[in-house]
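S.K.: Below is the file my_file-v8.cif, with mmCIF, C-alpha atoms.
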```
data_target
#
loop_
_atom_site.label_atom_id
_atom_site.label_comp_id
_atom_site.auth_asym_id
_atom_site.auth_seq_id
_atom_site.Cartn_x
_atom_site.Cartn_y
_atom_site.Cartn_z
CA MET A 1 -56.01 10.57 8.11
CA ASP A 2 -53.00 12.84 7.73
CA ILE A 3 -50.03 11.75 9.77
CA PRO A 4 -47.60 14.61 10.59
CA PRO A 5 -44.30 14.06 8.69
CA LEU A 6 -42.24 14.36 11.89
CA LEU A 7 -44.29 11.62 13.58
CA LEU A 8 -44.02 9.42 10.49
CA GLN A 9 -40.26 9.95 10.38
CA THR A 10 -39.94 9.18 14.10
CA LEU A 11 -41.95 5.98 13.79
CA GLY A 12 -39.91 4.94 10.73
CA SER A 13 -36.67 5.58 12.63
CA LEU A 14 -37.95 3.58 15.60
CA VAL A 15 -38.76 0.61 13.39
CA ALA A 16 -35.31 0.83 11.74
CA ILE A 17 -33.61 0.99 15.16
CA LEU A 18 -35.41 -2.06 16.51
CA ALA A 19 -34.79 -3.94 13.25
CA LEU A 20 -31.05 -3.19 13.29
CA ALA A 21 -30.61 -4.06 16.98
CA GLY A 22 -32.65 -7.24 16.48
CA LEU A 23 -30.57 -8.14 13.46
CA ALA A 24 -27.37 -7.66 15.47
CA ALA A 25 -28.72 -10.19 17.99
CA LEU A 26 -29.89 -12.59 15.26
CA MET A 27 -26.47 -12.45 13.62
CA LYS A 28 -25.01 -13.37 17.02
CA LEU A 29 -22.76 -10.33 17.05
CA GLY A 30 -21.00 -9.54 20.28
CA GLY A 31 -20.08 -12.92 21.62
CA GLU A 32 -19.05 -13.50 25.21
CA SER A 33 -15.80 -12.27 26.69
CA LYS A 34 -14.44 -14.08 29.73
CA LEU A 35 -12.01 -13.30 32.50
CA GLU A 36 -10.29 -16.59 33.13
CA SER A 37 -6.58 -16.22 33.69
CA HIS A 38 -4.49 -13.98 35.94
CA ALA A 39 -3.20 -12.31 32.76
CA ASP A 40 -6.77 -11.59 31.55
CA ILE A 41 -7.66 -9.94 34.86
CA ARG A 42 -4.42 -8.00 35.10
CA ARG A 43 -4.96 -6.59 31.62
CA ALA A 44 -8.60 -5.72 32.32
CA ALA A 45 -7.70 -4.06 35.64
CA GLY A 46 -5.03 -1.95 33.94
CA GLU A 47 -7.66 -0.83 31.44
CA VAL A 48 -10.21 0.08 34.13
CA VAL A 49 -7.70 2.25 35.99
CA ASP A 50 -4.53 3.14 34.13
CA GLY A 51 -1.55 2.00 36.19
CA PHE A 52 -3.48 -0.43 38.38
CA GLU A 53 -1.11 -3.39 38.68
CA ALA A 54 -2.89 -6.40 40.07
CA VAL A 55 -0.70 -8.58 42.27
CA GLU A 56 -3.47 -10.98 43.22
CA THR A 57 -6.57 -11.88 41.25
CA ALA A 58 -9.60 -14.14 41.43
CA ALA A 59 -11.93 -14.93 38.54
CA ALA A 60 -15.54 -15.97 38.99
CA ARG A 61 -15.99 -19.57 37.85
CA ASP A 62 -18.19 -18.51 34.94
CA GLY A 63 -15.62 -15.90 33.82
CA SER A 64 -18.16 -13.09 34.03
CA ALA A 65 -16.45 -11.11 36.79
CA ALA A 66 -13.25 -10.88 38.79
CA LEU A 67 -11.55 -9.28 41.77
CA ALA A 68 -8.06 -7.82 41.67
CA ARG A 69 -5.83 -6.45 44.41
CA ASP A 70 -2.83 -4.21 43.89
CA ALA A 71 0.26 -3.64 46.04
CA GLU A 72 -1.47 -0.77 47.82
CA ALA A 73 -4.19 -3.24 48.91
CA ARG A 74 -6.81 -1.57 46.74
CA ILE A 75 -9.45 -4.02 45.57
CA MET A 76 -11.03 -3.70 42.16
CA LEU A 77 -14.27 -5.29 41.04
CA ILE A 78 -14.48 -6.06 37.32
CA LYS A 79 -17.62 -7.27 35.59
CA ARG A 80 -18.56 -8.21 32.06
CA HIS A 81 -20.52 -5.47 30.37
CA GLY A 82 -21.84 -6.71 27.05
CA ASN A 83 -18.74 -8.16 25.47
CA ARG A 84 -16.44 -5.66 27.18
CA PHE A 85 -15.50 -5.16 30.84
CA ALA A 86 -16.16 -2.38 33.31
CA GLY A 87 -14.85 -2.03 36.82
CA ARG A 88 -14.64 -0.01 40.00
CA VAL A 89 -12.03 0.29 42.73
CA LEU A 90 -13.95 -0.48 45.92
CA THR A 91 -14.34 2.44 48.30
CA SER A 92 -15.80 2.78 51.77
CA GLN A 93 -19.24 2.82 50.10
CA ALA A 94 -18.79 -0.79 48.97
CA ARG A 95 -20.44 -3.75 50.66
CA VAL A 96 -19.34 -7.38 50.36
CA ARG A 97 -21.43 -10.32 51.56
CA ARG A 98 -20.56 -14.00 51.37
CA ASN A 99 -22.88 -16.92 50.97
CA GLY A 100 -20.75 -20.06 50.85
CA GLU A 101 -18.49 -19.73 47.84
CA THR A 102 -20.39 -16.81 46.39
CA LEU A 103 -19.51 -13.20 47.06
CA GLU A 104 -22.08 -10.50 46.50
CA VAL A 105 -20.23 -7.27 45.82
CA ASP A 106 -22.02 -3.94 45.80
CA CYS A 107 -19.60 -1.17 44.83
CA GLY A 108 -22.05 1.45 46.07
CA GLU A 109 -23.15 2.67 42.65
CA ARG A 110 -26.73 1.63 42.02
CA ARG A 111 -26.43 1.77 38.24
CA PHE A 112 -23.29 -0.34 38.21
CA GLY A 113 -25.27 -3.05 39.97
CA VAL A 114 -24.49 -5.78 42.48
CA VAL A 115 -22.06 -8.36 41.12
CA CYS A 116 -22.08 -12.01 42.24
CA LEU A 117 -18.89 -14.02 41.98
CA THR A 118 -18.53 -17.70 42.79
CA LEU A 119 -14.90 -18.12 43.73
CA ASP A 120 -12.63 -20.89 44.95
CA ASN A 121 -11.32 -18.63 47.72
CA ALA A 122 -14.34 -16.48 48.53
CA ALA A 123 -13.63 -16.46 52.27
CA SER A 124 -10.15 -15.00 51.92
CA TRP A 125 -11.38 -12.27 49.54
CA GLN A 126 -14.13 -11.41 51.97
CA ALA A 127 -11.58 -11.19 54.76
CA ARG A 128 -9.45 -8.80 52.68
CA SER A 129 -12.49 -6.77 51.90
CA ASP A 130 -13.64 -6.72 55.54
CA ALA A 131 -10.20 -5.48 56.54
CA MET A 132 -10.85 -2.47 54.35
CA GLY A 133 -14.20 -1.83 56.01
CA HIS A 134 -16.46 -3.17 53.22
CA ALA A 135 -18.43 -5.53 55.45
CA MET B 1 -34.20 30.30 0.63
CA PRO B 2 -33.32 26.60 0.44
CA ASP B 3 -35.14 24.32 2.87
CA PHE B 4 -32.77 21.38 2.96
CA SER B 5 -31.40 19.12 5.68
CA PRO B 6 -28.49 16.88 4.57
CA THR B 7 -28.82 14.64 7.63
CA GLN B 8 -32.48 13.84 6.91
CA TYR B 9 -31.65 12.75 3.37
CA ALA B 10 -28.71 10.70 4.66
CA VAL B 11 -30.75 8.61 7.14
CA PRO B 12 -31.49 5.76 4.66
CA LEU B 13 -27.80 5.71 3.78
CA PHE B 14 -26.93 5.47 7.49
CA VAL B 15 -29.20 2.45 7.90
CA ILE B 16 -27.74 0.67 4.85
CA ALA B 17 -24.17 1.42 5.98
CA VAL B 18 -24.81 0.09 9.52
CA LEU B 19 -26.28 -3.04 7.96
CA ALA B 20 -23.25 -3.47 5.71
CA GLU B 21 -20.88 -3.02 8.66
CA MET B 22 -22.82 -5.62 10.65
CA ILE B 23 -22.30 -8.10 7.81
CA TRP B 24 -18.59 -7.24 7.83
CA ALA B 25 -18.55 -7.78 11.62
CA ARG B 26 -20.32 -11.14 11.26
CA LEU B 27 -17.65 -12.27 8.83
CA LYS B 28 -14.54 -10.70 10.34
CA ARG B 29 -15.04 -9.34 13.86
CA PRO B 30 -18.27 -10.28 15.65
CA GLU B 31 -17.05 -8.51 18.81
CA ALA B 32 -17.14 -5.14 17.01
CA TYR B 33 -20.85 -5.01 17.77
CA GLU B 34 -22.87 -5.69 20.91
CA PRO B 35 -26.65 -5.75 20.32
CA LYS B 36 -27.57 -3.94 23.58
CA ASP B 37 -24.97 -1.27 22.92
CA THR B 38 -26.25 -0.87 19.36
CA LEU B 39 -29.81 -0.43 20.62
CA VAL B 40 -28.72 2.25 23.10
CA SER B 41 -26.64 4.09 20.48
CA LEU B 42 -29.46 4.11 17.93
CA ALA B 43 -31.99 5.22 20.57
CA PHE B 44 -29.60 8.08 21.36
CA GLY B 45 -29.78 9.07 17.69
CA LEU B 46 -33.56 9.12 17.61
CA GLY B 47 -33.83 10.98 20.92
CA SER B 48 -31.27 13.51 19.77
CA THR B 49 -33.33 14.31 16.67
CA MET B 50 -36.44 14.75 18.79
CA ALA B 51 -34.60 16.89 21.36
CA GLY B 52 -33.27 19.06 18.52
CA ALA B 53 -36.79 19.60 17.20
CA LEU B 54 -38.07 20.45 20.70
CA PHE B 55 -35.25 22.63 22.02
CA GLY B 56 -33.43 23.93 18.93
CA GLY B 57 -35.70 26.95 18.60
CA PHE B 58 -33.79 29.14 21.05
CA ALA B 59 -30.51 28.85 19.15
CA LEU B 60 -32.33 29.61 15.89
CA TYR B 61 -33.89 32.71 17.45
CA VAL B 62 -30.46 33.94 18.65
CA PHE B 63 -28.94 33.34 15.18
CA ILE B 64 -31.72 35.21 13.39
CA GLU B 65 -31.38 38.16 15.78
CA ALA B 66 -27.59 38.17 15.43
CA TYR B 67 -27.90 38.05 11.62
CA GLU B 68 -29.40 41.54 11.72
CA TYR B 69 -26.01 42.82 12.90
CA ARG B 70 -23.93 41.12 10.16
CA VAL B 71 -20.78 42.88 8.95
CA PHE B 72 -20.97 41.68 5.33
CA ASP B 73 -24.16 41.27 3.35
CA PHE B 74 -24.38 38.59 0.67
CA GLY B 75 -27.67 40.08 -0.49
CA GLU B 76 -31.21 38.76 -0.73
CA ALA B 77 -30.06 35.84 -2.89
CA TRP B 78 -27.27 34.83 -0.46
CA TRP B 79 -27.67 31.17 -1.42
CA ALA B 80 -26.68 32.01 -5.03
CA VAL B 81 -23.23 33.31 -3.98
CA TRP B 82 -21.41 30.10 -4.89
CA TRP B 83 -18.08 30.85 -3.23
CA ALA B 84 -19.76 31.57 0.08
CA TRP B 85 -20.66 27.87 0.41
CA PRO B 86 -17.14 26.34 0.50
CA LEU B 87 -15.94 29.26 2.62
CA CYS B 88 -18.80 28.73 5.09
CA PHE B 89 -18.10 24.98 5.15
CA VAL B 90 -14.42 25.47 6.03
CA LEU B 91 -15.14 28.14 8.65
CA ASP B 92 -17.94 26.03 10.12
CA ASP B 93 -15.49 23.13 10.38
CA LEU B 94 -13.05 25.42 12.21
CA LYS B 95 -15.92 26.38 14.51
CA TYR B 96 -16.68 22.66 14.97
CA TYR B 97 -13.10 22.03 16.07
CA TRP B 98 -13.38 24.63 18.85
CA VAL B 99 -16.88 23.73 20.00
CA HIS B 100 -15.79 20.09 20.07
CA ARG B 101 -12.64 20.94 22.00
CA ALA B 102 -14.74 22.89 24.48
CA GLY B 103 -17.01 19.85 24.64
CA HIS B 104 -14.10 17.90 26.09
CA ARG B 105 -12.48 20.58 28.22
CA ILE B 106 -15.43 22.26 29.91
CA ARG B 107 -17.50 20.01 32.14
CA TRP B 108 -20.78 21.78 31.37
CA MET B 109 -20.22 21.00 27.68
CA TRP B 110 -18.87 17.52 28.46
CA ALA B 111 -22.05 16.69 30.40
CA SER B 112 -23.78 16.74 27.05
CA HIS B 113 -21.03 15.51 24.72
CA VAL B 114 -20.07 12.52 26.91
CA ASN B 115 -23.14 10.77 25.43
CA HIS B 116 -21.29 10.35 22.16
CA HIS B 117 -18.32 8.72 23.92
CA SER B 118 -19.93 6.43 26.45
CA SER B 119 -20.01 3.34 24.24
CA GLN B 120 -17.14 0.89 24.67
CA HIS B 121 -17.57 0.02 21.01
CA TYR B 122 -16.61 1.92 17.90
CA ASN B 123 -18.81 1.26 14.93
CA LEU B 124 -21.21 3.13 12.69
CA SER B 125 -23.97 2.93 15.29
CA THR B 126 -21.67 4.90 17.62
CA ALA B 127 -21.76 7.76 15.10
CA LEU B 128 -25.51 8.06 15.69
CA ARG B 129 -25.04 8.15 19.45
CA GLN B 130 -25.71 11.87 19.68
CA SER B 131 -26.52 13.99 22.70
CA TRP B 132 -30.04 14.88 23.81
CA THR B 133 -28.95 17.84 25.89
CA GLY B 134 -26.85 19.97 23.54
CA ALA B 135 -29.43 22.78 23.72
CA PHE B 136 -28.68 23.12 27.44
CA THR B 137 -25.06 24.09 26.85
CA PHE B 138 -23.63 27.22 25.26
CA GLY B 139 -22.19 25.39 22.25
CA PHE B 140 -24.39 27.25 19.78
CA LEU B 141 -22.64 30.53 20.68
CA PHE B 142 -19.53 29.33 18.81
CA ALA B 143 -21.45 29.88 15.54
CA ILE B 144 -22.23 33.52 16.31
CA PRO B 145 -19.01 34.86 14.67
CA LEU B 146 -20.04 33.17 11.40
CA VAL B 147 -23.49 34.74 11.59
CA LEU B 148 -21.98 38.16 12.32
CA LEU B 149 -19.65 37.73 9.34
CA GLY B 150 -22.77 37.52 7.19
CA PHE B 151 -23.33 33.81 6.64
CA HIS B 152 -27.07 33.13 6.81
CA PRO B 153 -28.09 30.75 9.65
CA ALA B 154 -29.62 28.39 7.07
CA MET B 155 -26.31 28.24 5.16
CA ILE B 156 -24.47 27.46 8.40
CA ALA B 157 -27.04 24.78 9.29
CA ILE B 158 -26.69 23.12 5.86
CA CYS B 159 -22.88 23.18 6.03
CA GLY B 160 -23.08 21.79 9.58
CA GLY B 161 -25.37 19.04 8.29
CA PHE B 162 -22.88 18.02 5.61
CA ASN B 163 -20.15 18.11 8.27
CA LEU B 164 -22.12 15.63 10.41
CA VAL B 165 -22.84 13.40 7.41
CA TYR B 166 -19.10 13.30 6.64
CA GLN B 167 -18.33 12.31 10.22
CA PHE B 168 -20.63 9.29 10.05
CA TRP B 169 -18.35 7.06 7.99
CA ILE B 170 -15.25 7.64 10.12
CA HIS B 171 -16.81 5.79 13.07
CA THR B 172 -15.61 2.37 12.02
CA GLU B 173 -12.90 -0.20 12.59
CA ALA B 174 -13.60 -1.72 9.18
CA VAL B 175 -11.33 0.84 7.51
CA GLY B 176 -7.65 0.78 8.45
CA ARG B 177 -5.76 3.70 6.92
CA MET B 178 -6.72 5.84 3.95
CA PRO B 179 -4.12 6.97 1.36
CA ARG B 180 -1.37 9.10 2.89
CA TRP B 181 -2.44 12.36 1.25
CA PHE B 182 -5.97 11.84 2.53
CA GLU B 183 -4.83 11.05 6.09
CA ALA B 184 -2.72 14.23 6.00
CA VAL B 185 -5.63 16.57 5.34
CA MET B 186 -8.90 14.86 6.21
CA ASN B 187 -10.33 13.37 9.37
CA THR B 188 -10.36 9.60 8.90
CA PRO B 189 -11.42 6.45 10.77
CA SER B 190 -7.84 6.13 12.05
CA HIS B 191 -7.68 9.69 13.40
CA HIS B 192 -11.13 9.49 14.94
CA ARG B 193 -10.50 6.12 16.62
CA VAL B 194 -7.80 7.96 18.56
CA HIS B 195 -10.37 10.59 19.56
CA HIS B 196 -12.68 7.92 21.03
CA ALA B 197 -9.88 6.21 22.96
CA THR B 198 -9.33 5.97 26.70
CA ASN B 199 -5.63 5.11 26.38
CA PRO B 200 -3.71 7.85 28.21
CA ARG B 201 -1.64 8.57 25.10
CA TYR B 202 -4.75 9.27 23.06
CA LEU B 203 -6.91 11.15 25.61
CA ASP B 204 -8.37 14.48 24.42
CA ARG B 205 -6.78 14.40 20.99
CA ASN B 206 -8.04 14.78 17.39
CA TYR B 207 -11.05 17.04 17.83
CA ALA B 208 -11.44 17.61 14.09
CA GLY B 209 -14.73 17.27 12.25
CA VAL B 210 -13.80 17.09 8.55
CA PHE B 211 -10.27 18.54 8.26
CA ILE B 212 -7.62 17.06 10.57
CA VAL B 213 -5.41 20.06 9.79
CA TRP B 214 -7.02 21.99 12.69
CA ASP B 215 -5.56 19.52 15.20
CA LYS B 216 -2.16 19.79 13.57
CA LEU B 217 -2.43 23.57 13.63
CA PHE B 218 -3.56 23.85 17.25
CA GLY B 219 -1.33 21.11 18.73
CA THR B 220 -3.88 18.42 19.53
CA PHE B 221 -3.05 15.86 16.85
CA GLU B 222 -2.04 12.32 17.80
CA PRO B 223 -1.62 9.58 15.18
CA GLU B 224 -2.96 6.09 15.74
CA ARG B 225 -0.16 3.61 16.49
CA ASP B 226 -0.10 0.01 15.37
CA ASP B 227 1.60 -1.00 18.63
CA GLU B 228 -1.10 0.53 20.83
CA PRO B 229 -4.60 -0.80 20.15
CA VAL B 230 -7.35 1.65 20.95
CA ARG B 231 -9.66 1.05 23.93
CA TYR B 232 -12.95 2.89 23.55
CA GLY B 233 -15.31 4.67 25.89
CA ILE B 234 -14.85 6.98 28.84
CA ILE B 235 -12.47 6.94 31.80
CA LYS B 236 -15.15 5.65 34.15
CA GLN B 237 -17.08 3.23 31.94
CA LEU B 238 -20.80 3.25 32.64
CA GLY B 239 -21.19 -0.49 33.19
CA SER B 240 -24.90 -0.09 32.40
CA PHE B 241 -27.08 -0.15 29.29
CA ASN B 242 -29.75 2.02 30.94
CA LEU B 243 -30.52 4.67 28.29
CA LEU B 244 -31.66 7.42 30.65
CA TRP B 245 -28.64 6.91 32.90
CA ALA B 246 -26.41 7.09 29.84
CA VAL B 247 -28.07 10.36 28.80
CA PHE B 248 -28.05 12.16 32.15
CA HIS B 249 -25.30 10.59 34.30
CA GLU B 250 -22.77 13.39 33.86
CA TRP B 251 -25.38 16.12 34.42
CA ILE B 252 -26.38 14.36 37.66
CA GLY B 253 -22.73 14.00 38.71
CA MET B 254 -21.90 17.61 37.88
CA ILE B 255 -24.92 19.10 39.63
CA GLY B 256 -24.21 16.92 42.67
CA ASP B 257 -20.61 18.15 42.75
CA ILE B 258 -21.74 21.77 42.48
CA ILE B 259 -24.21 21.35 45.34
CA ARG B 260 -21.62 19.65 47.61
CA ALA B 261 -18.68 21.93 46.76
CA PRO B 262 -17.63 24.91 48.91
CA TRP B 263 -18.95 28.17 47.45
CA ARG B 264 -15.65 29.33 46.00
CA HIS B 265 -15.29 26.12 43.97
CA LYS B 266 -18.84 25.73 42.65
CA LEU B 267 -18.23 27.51 39.36
CA SER B 268 -15.09 25.45 38.73
CA TYR B 269 -17.15 22.25 38.72
CA LEU B 270 -19.18 23.81 35.90
CA LEU B 271 -16.44 25.40 33.84
CA ARG B 272 -13.23 23.48 34.47
CA GLU B 273 -12.21 20.28 32.71
CA PRO B 274 -13.88 16.94 33.47
CA GLY B 275 -12.13 15.15 36.32
CA TRP B 276 -11.09 18.36 38.07
CA SER B 277 -11.81 18.42 41.80
CA HIS B 278 -11.10 21.08 44.41
CA ASP B 279 -9.49 18.55 46.77
CA GLY B 280 -7.44 16.75 44.13
CA SER B 281 -9.29 13.50 44.72
CA ARG B 282 -9.93 12.89 41.01
CA GLU B 283 -7.91 12.98 37.85
CA THR B 284 -8.23 15.03 34.66
CA SER B 285 -7.09 13.64 31.32
CA ASP B 286 -3.90 15.71 31.59
CA MET B 287 -3.12 14.20 35.00
CA ILE B 288 -3.76 10.66 33.73
CA ARG B 289 -1.50 11.25 30.75
CA GLU B 290 1.29 12.73 32.88
CA ARG B 291 1.11 9.82 35.33
CA TRP B 292 1.27 7.38 32.42
CA ARG B 293 4.22 9.26 30.93
CA ALA B 294 6.08 9.25 34.23
CA ARG B 295 5.44 5.52 34.63
CA SER B 296 6.27 4.47 31.10
CA GLY B 297 9.08 6.92 30.45
CA GLN B 298 7.28 8.50 27.50
CA SER B 299 8.39 11.98 26.55
CA SER B 300 5.89 14.77 26.38
CA THR B 301 5.40 16.10 22.88
CA PHE B 302 2.62 18.58 23.56
CA THR B 303 3.25 20.16 26.91
CA GLU B 304 6.86 21.14 26.38
CA PRO B 305 7.68 24.43 24.71
CA VAL B 306 9.05 24.04 21.18
CA ALA B 307 12.45 25.25 22.40
CA ASN B 308 12.70 22.30 24.79
CA ARG B 309 12.17 19.86 21.93
CA ASN B 310 14.81 21.55 19.82
CA PRO B 311 18.19 19.87 20.40
CA ILE B 312 20.13 23.01 19.53
CA ALA B 313 18.31 24.92 22.24
CA GLU B 314 19.02 22.55 25.12
CA GLN B 315 19.94 24.19 28.39
CA GLY B 316 23.62 24.72 28.90
CA GLU B 317 24.45 24.02 25.31
CA ALA B 318 25.51 26.70 22.91
CA ALA B 319 23.31 26.98 19.85
#
```
Write the structure described by the file as structure tokens, please.
M.R.:
Amino acid sequence: MDIPPLLLQTLGSLVAILALAGLAALMKLGGESKLESHADIRRAAGEVVDGFEAVETAAARDGSAALARDAEARIMLIKRHGNRFAGRVLTSQARVRRNGETLEVDCGERRFGVVCLTLDNAASWQARSDAMGHA
Amino acid sequence: MPDFSPTQYAVPLFVIAVLAEMIWARLKRPEAYEPKDTLVSLAFGLGSTMAGALFGGFALYVFIEAYEYRVFDFGEAWWAVWWAWPLCFVLDDLKYYWVHRAGHRIRWMWASHVNHHSSQHYNLSTALRQSWTGAFTFGFLFAIPLVLLGFHPAMIAICGGFNLVYQFWIHTEAVGRMPRWFEAVMNTPSHHRVHHATNPRYLDRNYAGVFIVWDKLFGTFEPERDDEPVRYGIIKQLGSFNLLWAVFHEWIGMIGDIIRAPWRHKLSYLLREPGWSHDGSRETSDMIRERWRARSGQSSTFTEPVANRNPIAEQGEAA
């Protein structure tokens, strides 16, 4: 059976891709970044939106996500994305729900996903969020 | 006529080099790679090759038609005119600079080129993160002047292939700086890290393919600074490893903006720079940089006229 060269090349590339990505996982590349301190969150927030100066922050207990508020009362959601961080300033599209100490934050972008944060002060962050109309 | 594709021959080399960089990362900087990101980047590479095979025919047809109207004729044996090759390579690299610059400054072009920038990592797998939708922009038109000059489309394609192969190795953090003479003329890992940065200082700089001299010539060069580590990706990081979203997100955003915009602004959402909005609700890279400059007290080195940077030409001061 003759296999078209283009198909053969595509299949070969696919195998190489899966092998390399698998190898990256086997070699434990990447690691796990965490947002733990106020300084960590401040730095991450400033990277998400240049000039965003967090005056108040809260890190999820597992370090996978955080909330930050600036002097203009804007609230930013930051989440771990691989071993980097990505974030969004919450808009009127955002929804925040609380279940005990866990906040479920939906920034309104389906592909960004809903982020769950277990916080020491979940109620006060929900109150801040509600004040902005994110209920 | 030679039937030769430099990128196809280079694929095994790409695989070996990515493997070698992974070993370097394991030993020195494990965070330089992220397996899911690597998978997405490599899948981009494969999809881009397939998209090129499926949709590249139109550009080829236009080039072959345009070649009939060439100003100079290198003859039947055009591939045997040795000096035409280096000349074509340099001119193709100049073309690359402008098509790449357009790729960052025109949203229609950016919708395609953003694919190459949407990783928050910078490693050799990022180099293979190529667009699937290039055929749906007008980028190929930038090569028409070369065709009209008399360079055969196959010669341009081969030179372009070598250009892409060169650009592979500069997508790495494993190399710091090259020798000074090399950094002065060639595009290097250091120069290209700046190009992939989201730091306001570095935004929309260093568009070069092979020769960094084009950026120096056209005022878009910015050196990498030791006191400002590069952050990679795009202004609004995707926050998702969904391949199809990564491929099409900017097209979806742009088409949505065009549909929602008042009639007189629709074309601007297609042709103006990414981040532009008719109501000023978003920021372009120039606006982000200016805000950063105002906040940090940095002087502007690119937007001021030369006379304003010349101390003997200061206002109110006799030269």
S.K.: Calculated over only C-alpha atoms, which of the candidates B:Ile64, B:Ala51, B:Ile170, B:Leu243 has the smallest distance to Ser125 in chain B?
M.R.: B:Ile170
S.K.: Just the residues within 6 Å of range 88-92 of chain A, please, counting all atoms listed in the file, with nothing from its chain fewer than 4 positions along; format it as a ChimeraX atom specification.
M.R.: /A:75-77,107
S.K.: May I ask for the distance between CA of Phe168 in chain B and CA of Phe14 in chain B, given in Å to one decimal place?
M.R.: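 Answer for the CA of Phe168 in chain B to CA of Phe14 in chain B separation: 7.8 Å.
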S.K.: When the cut-off is 10 Å and we count only C-alpha atoms, which residues of chain B are near chain A, given as a PyMOL selection string?
M.R.: chain B and resi 8+11-12+15-16+18-19+22-23+25-27+29-43+45-47+49-50+53+120-121+125+198-200+231-232+234-242+245-246+249+288-289+291-292+295-296
S.K.: Record the distance separating CA of Gly176 in chain B and CA of Ser118 in chain B, expressed in Å with one decimal.
M.R.: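 These two atoms are separated by 22.5 Å.
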S.K.: Point out the residue among A:Ala71, A:Ala122, A:Cys116, A:Ala54 with the least atom-to-atom distance to Ala39 in chain A, counting all atoms listed in the file.
M.R.: A:Ala54
S.K.: Could you list the residues chosen by the PyMOL selection byres ((chain A and resi 34) around 6) in this structure as a PyMOL selection string?
M.R.: chain A and resi 33+35-36+63-64
S.K.: Kindly give the distance, in Å, that separates CA of Arg193 in chain B and CA of Arg282 in chain B, rounded to a single decimal.
M.R.: 25.3 Å
